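> Hey, dropping work06.cif in here, mmCIF, C-alpha atoms:
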```cif
data_data
loop_
_atom_site.label_atom_id
_atom_site.label_comp_id
_atom_site.auth_asym_id
_atom_site.auth_seq_id
_atom_site.Cartn_x
_atom_site.Cartn_y
_atom_site.Cartn_z
CA MET A 5 46.89 72.73 74.09
CA GLN A 6 45.74 75.79 76.01
CA GLU A 7 44.46 73.56 78.81
CA GLU A 8 47.84 71.86 79.18
CA VAL A 9 49.62 75.20 79.51
CA GLU A 10 47.14 76.31 82.19
CA ASN A 11 47.62 73.08 84.16
CA LYS A 12 51.41 73.41 84.03
CA THR A 13 51.18 77.03 85.11
CA LEU A 14 48.93 76.12 88.02
CA THR A 15 51.24 73.31 89.06
CA LEU A 16 54.21 75.65 88.90
CA ILE A 17 52.44 78.21 91.07
CA VAL A 18 51.52 75.61 93.69
CA SER A 19 55.08 74.25 93.76
CA GLY A 20 56.42 77.77 94.04
CA THR A 21 54.15 78.51 96.95
CA LYS A 22 55.28 75.45 98.84
CA PHE A 23 58.89 76.25 98.06
CA THR A 24 58.48 79.82 99.22
CA GLY A 25 57.04 78.71 102.55
CA ARG A 26 59.97 76.40 103.18
CA LEU A 27 62.40 79.00 101.99
CA LEU A 28 60.89 81.63 104.28
CA LYS A 29 61.19 79.30 107.27
CA ALA A 30 64.84 78.55 106.42
CA ALA A 31 65.61 82.26 105.89
CA ILE A 32 64.14 83.20 109.27
CA SER A 33 66.12 80.51 111.06
CA LYS A 34 69.34 81.56 109.26
CA TYR A 35 68.74 85.21 110.20
CA ALA A 36 68.16 84.27 113.85
CA ALA A 37 71.42 82.29 113.87
CA HIS A 38 73.26 85.22 112.30
CA ARG A 39 71.94 87.62 114.96
CA ARG A 40 73.05 85.23 117.72
CA ASN A 41 76.56 85.11 116.20
CA VAL A 42 76.74 88.90 115.93
CA LYS A 43 75.71 89.25 119.56
CA LEU A 44 78.36 86.74 120.66
CA ASP A 45 81.04 88.53 118.58
CA LYS A 46 80.21 91.84 120.26
CA GLN A 47 80.55 90.24 123.67
CA ARG A 48 83.92 88.73 122.71
CA ARG A 49 85.20 92.08 121.45
CA ARG A 50 84.28 93.77 124.71
CA GLU A 51 86.18 91.12 126.67
CA THR A 52 89.41 91.36 124.62
CA PRO A 53 90.41 94.92 123.69
CA VAL A 54 92.12 95.60 120.36
CA VAL A 55 95.91 95.77 120.66
CA HIS A 56 97.46 98.10 118.10
CA ARG A 57 100.82 97.29 116.52
CA GLY A 58 103.36 99.47 114.72
CA ARG A 59 102.63 103.15 114.16
CA GLN A 60 99.73 104.46 116.23
CA THR A 61 98.49 107.55 118.02
CA VAL A 62 99.91 108.65 121.35
CA LYS A 63 96.55 107.94 122.98
CA GLN A 64 96.53 104.34 121.73
CA LEU A 65 100.11 103.91 122.92
CA THR A 66 99.40 105.21 126.43
CA HIS A 67 96.28 103.05 126.80
CA GLN A 68 98.44 99.94 126.65
CA ASN A 69 99.82 100.77 130.14
CA GLN A 70 103.37 99.69 129.45
CA GLY A 71 105.22 102.94 130.07
CA VAL A 72 106.06 105.42 127.33
CA SER A 73 109.47 106.91 126.51
CA SER A 74 110.26 109.56 123.93
CA ILE A 75 113.13 110.69 121.71
CA ASP A 76 113.66 114.01 119.91
CA PHE A 77 114.16 113.61 116.17
CA GLN A 78 115.26 116.67 114.21
CA ASP A 79 115.80 115.22 110.76
CA LYS A 80 113.28 116.15 108.05
CA ASP A 81 113.27 112.68 106.56
CA ILE A 82 111.00 110.97 109.11
CA ARG A 83 109.56 108.56 106.53
CA ARG A 84 112.79 106.60 106.21
CA PHE A 85 112.89 106.10 109.96
CA ASP A 86 109.21 105.11 109.84
CA GLN A 87 110.02 102.29 107.38
CA ILE A 88 112.87 100.99 109.53
CA ALA A 89 110.81 101.10 112.73
CA ARG A 90 108.09 99.03 111.05
CA LYS A 91 110.75 96.53 110.01
CA TYR A 92 111.82 96.12 113.65
CA GLY A 93 108.21 95.69 114.85
CA VAL A 94 108.29 98.60 117.28
CA ASP A 95 105.09 100.12 118.69
CA TYR A 96 105.56 103.88 118.35
CA ALA A 97 103.84 107.20 117.77
CA ILE A 98 105.23 110.28 116.01
CA ARG A 99 104.24 113.83 116.97
CA LYS A 100 105.42 116.95 115.14
CA ASP A 101 106.54 119.83 117.36
CA ARG A 102 105.46 122.92 115.43
CA THR A 103 106.89 125.42 117.92
CA ALA A 104 110.46 124.92 116.68
CA THR A 105 111.53 126.77 113.53
CA PRO A 106 112.89 123.73 111.75
CA PRO A 107 110.16 121.25 112.66
CA LYS A 108 111.26 118.60 115.09
CA TYR A 109 109.55 115.34 115.84
CA LEU A 110 108.93 113.51 119.08
CA ILE A 111 108.92 109.74 118.78
CA PHE A 112 107.07 108.00 121.60
CA PHE A 113 107.56 104.29 122.12
CA LYS A 114 106.93 101.63 124.74
CA GLY A 115 109.52 101.28 127.47
CA ARG A 116 110.11 97.62 126.65
CA ASP A 117 110.98 98.52 123.02
CA THR A 118 114.07 100.56 123.96
CA ASP A 119 116.55 98.07 122.50
CA ALA A 120 114.58 97.74 119.27
CA ILE A 121 114.35 101.55 118.90
CA ASN A 122 118.13 101.83 119.45
CA ALA A 123 118.74 99.21 116.76
CA ALA A 124 116.36 101.01 114.39
CA PHE A 125 118.17 104.32 114.99
CA GLN A 126 121.54 102.66 114.37
CA GLU A 127 120.32 101.29 111.05
CA TYR A 128 118.77 104.65 110.11
CA LEU A 129 122.00 106.51 110.87
CA GLY A 130 124.03 103.91 108.95
CA GLN A 131 121.82 104.39 105.89
CA LYS A 132 122.07 108.16 106.22
CA VAL A 133 125.89 108.04 106.35
CA ARG A 134 126.00 105.72 103.32
CA ARG A 135 123.75 108.07 101.36
CA ALA A 136 125.88 111.08 102.29
CA SER A 137 129.08 109.34 101.20
CA ARG A 138 127.72 108.35 97.79
CA PRO A 139 128.27 110.93 95.05
CA SER A 140 125.21 112.67 93.71
CA VAL A 141 123.74 111.37 90.47
CA LEU A 142 123.57 114.91 89.13
CA GLU A 143 127.27 115.43 89.85
CA LYS A 144 128.10 112.21 88.02
CA LEU A 145 125.95 113.31 85.10
CA GLU A 146 127.72 116.68 84.86
CA ARG A 147 131.11 114.97 84.97
CA PHE A 148 130.16 112.55 82.18
CA LYS A 149 128.72 115.41 80.10
CA GLY A 150 132.08 117.19 80.35
CA LEU A 151 133.93 114.02 79.35
CA ALA A 152 131.58 113.52 76.40
CA ARG A 153 132.15 117.11 75.22
CA ASN A 154 135.93 116.71 75.44
CA THR A 155 135.95 113.44 73.49
CA ALA A 156 133.61 114.89 70.86
CA GLU A 157 135.92 117.87 70.38
CA LYS A 158 138.96 115.59 70.05
CA VAL A 159 137.18 113.48 67.44
CA ARG A 160 136.25 116.61 65.48
CA LYS A 161 139.85 117.83 65.53
CA GLN A 162 141.11 114.47 64.30
CA VAL A 163 138.58 114.44 61.47
CA LEU A 164 139.53 117.99 60.45
CA GLU A 165 143.24 117.19 60.47
CA ARG A 166 142.81 114.29 58.09
#
```
Represent the structure from my file as structure tokens, please.

Amino acid sequence: MQEEVENKTLTLIVSGTKFTGRLLKAAISKYAAHRRNVKLDKQRRRETPVVHRGRQTVKQLTHQNQGVSSIDFQDKDIRRFDQIARKYGVDYAIRKDRTATPPKYLIFFKGRDTDAINAAFQEYLGQKVRRASRPSVLEKLERFKGLARNTAEKVRKQVLER
């Protein structure tokens, strides 16, 4: 019994050794192929520069060599405009001008995106006007509280009269 276990163990070790040699050869060849692919990818990246889309820095925007225009934006709610500009697919950069007392923003964009920026501003202003025309939720709540108080008092008076 002991002899059988030793023979099986020895056989397993020999098979493992052969397997390891083959495995090592395959691993080295796979690693060499991987390194070749990485080297080719680096060369490809150098040939085609990364083109940024949407919101980016002013430096990234100017490196695209397509002419940059700017607009002053004095509203505090720049995030809403940011959402709309993304929707229109405009390449732009936002800089905050800290010298002004109420902070104002400069929005830089590519010269070819002028029409899209105008459309984005039109939509932003339309949303702003709609929000201003809607009554405040707090005002509605106060009005309904007053109505509820008045109806409660009327109900109490009716109950007392009966």
> Once the PyMOL selection byres ((chain A and resi 91-102) around 7) is applied to the coordinates I shared, what remains selected? I want it as a ChimeraX atom specification.
/A:57-62,87-90,103-104,107-114,117,120-121,124
> Please, could you write that set of residues out with C-alpha atoms as a PDB file, in the coordinates of the input?

```pdb
ATOM      1  CA  ARG A  57     100.820  97.290 116.520  1.00  0.00           C
ATOM      2  CA  GLY A  58     103.360  99.470 114.720  1.00  0.00           C
ATOM      3  CA  ARG A  59     102.630 103.150 114.160  1.00  0.00           C
ATOM      4  CA  GLN A  60      99.730 104.460 116.230  1.00  0.00           C
ATOM      5  CA  THR A  61      98.490 107.550 118.020  1.00  0.00           C
ATOM      6  CA  VAL A  62      99.910 108.650 121.350  1.00  0.00           C
ATOM      7  CA  GLN A  87     110.020 102.290 107.380  1.00  0.00           C
ATOM      8  CA  ILE A  88     112.870 100.990 109.530  1.00  0.00           C
ATOM      9  CA  ALA A  89     110.810 101.100 112.730  1.00  0.00           C
ATOM     10  CA  ARG A  90     108.090  99.030 111.050  1.00  0.00           C
ATOM     11  CA  THR A 103     106.890 125.420 117.920  1.00  0.00           C
ATOM     12  CA  ALA A 104     110.460 124.920 116.680  1.00  0.00           C
ATOM     13  CA  PRO A 107     110.160 121.250 112.660  1.00  0.00           C
ATOM     14  CA  LYS A 108     111.260 118.600 115.090  1.00  0.00           C
ATOM     15  CA  TYR A 109     109.550 115.340 115.840  1.00  0.00           C
ATOM     16  CA  LEU A 110     108.930 113.510 119.080  1.00  0.00           C
ATOM     17  CA  ILE A 111     108.920 109.740 118.780  1.00  0.00           C
ATOM     18  CA  PHE A 112     107.070 108.000 121.600  1.00  0.00           C
ATOM     19  CA  PHE A 113     107.560 104.290 122.120  1.00  0.00           C
ATOM     20  CA  LYS A 114     106.930 101.630 124.740  1.00  0.00           C
ATOM     21  CA  ASP A 117     110.980  98.520 123.020  1.00  0.00           C
ATOM     22  CA  ALA A 120     114.580  97.740 119.270  1.00  0.00           C
ATOM     23  CA  ILE A 121     114.350 101.550 118.900  1.00  0.00           C
ATOM     24  CA  ALA A 124     116.360 101.010 114.390  1.00  0.00           C
TER      25      ALA A 124
END
```
> Report, in Å to a single decimal, how far apart CA of Val133 in chain A and CA of Asp81 in chain A are.
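Result for CA of Asp81 in chain A versus CA of Val133 in chain A: 13.4 Å, one decimal.
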> Mind pulling up the distance from CA of Gly115 in chain A to CA of Arg49 in chain A?
26.7 Å
> May I have the residues at most 12 Å from (122.2, 111.1, 107.7) in the file's coordinates, counting only C-alpha atoms, as a count of residues only?
22
> Which residue gives the smallest distance to Gln68 in chain A among A:Glu165, A:Lys29, A:His56, A:Asn154, with only C-alpha atoms counted?
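Smallest distance to Gln68 in chain A is found for A:His56.
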> CA of Gln162 in chain A and CA of Lys144 in chain A are how many Å apart?
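Atom-to-atom, CA of Gln162 in chain A and CA of Lys144 in chain A are spaced 27.1 Å apart.
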> Name the closest residue to Gly71 in chain A among the candidates A:Asp86, A:Arg116, A:Thr155, A:Ala37; distances are taken between atoms, counting only C-alpha atoms.
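Smallest separation from Gly71 in chain A among the options: A:Arg116.
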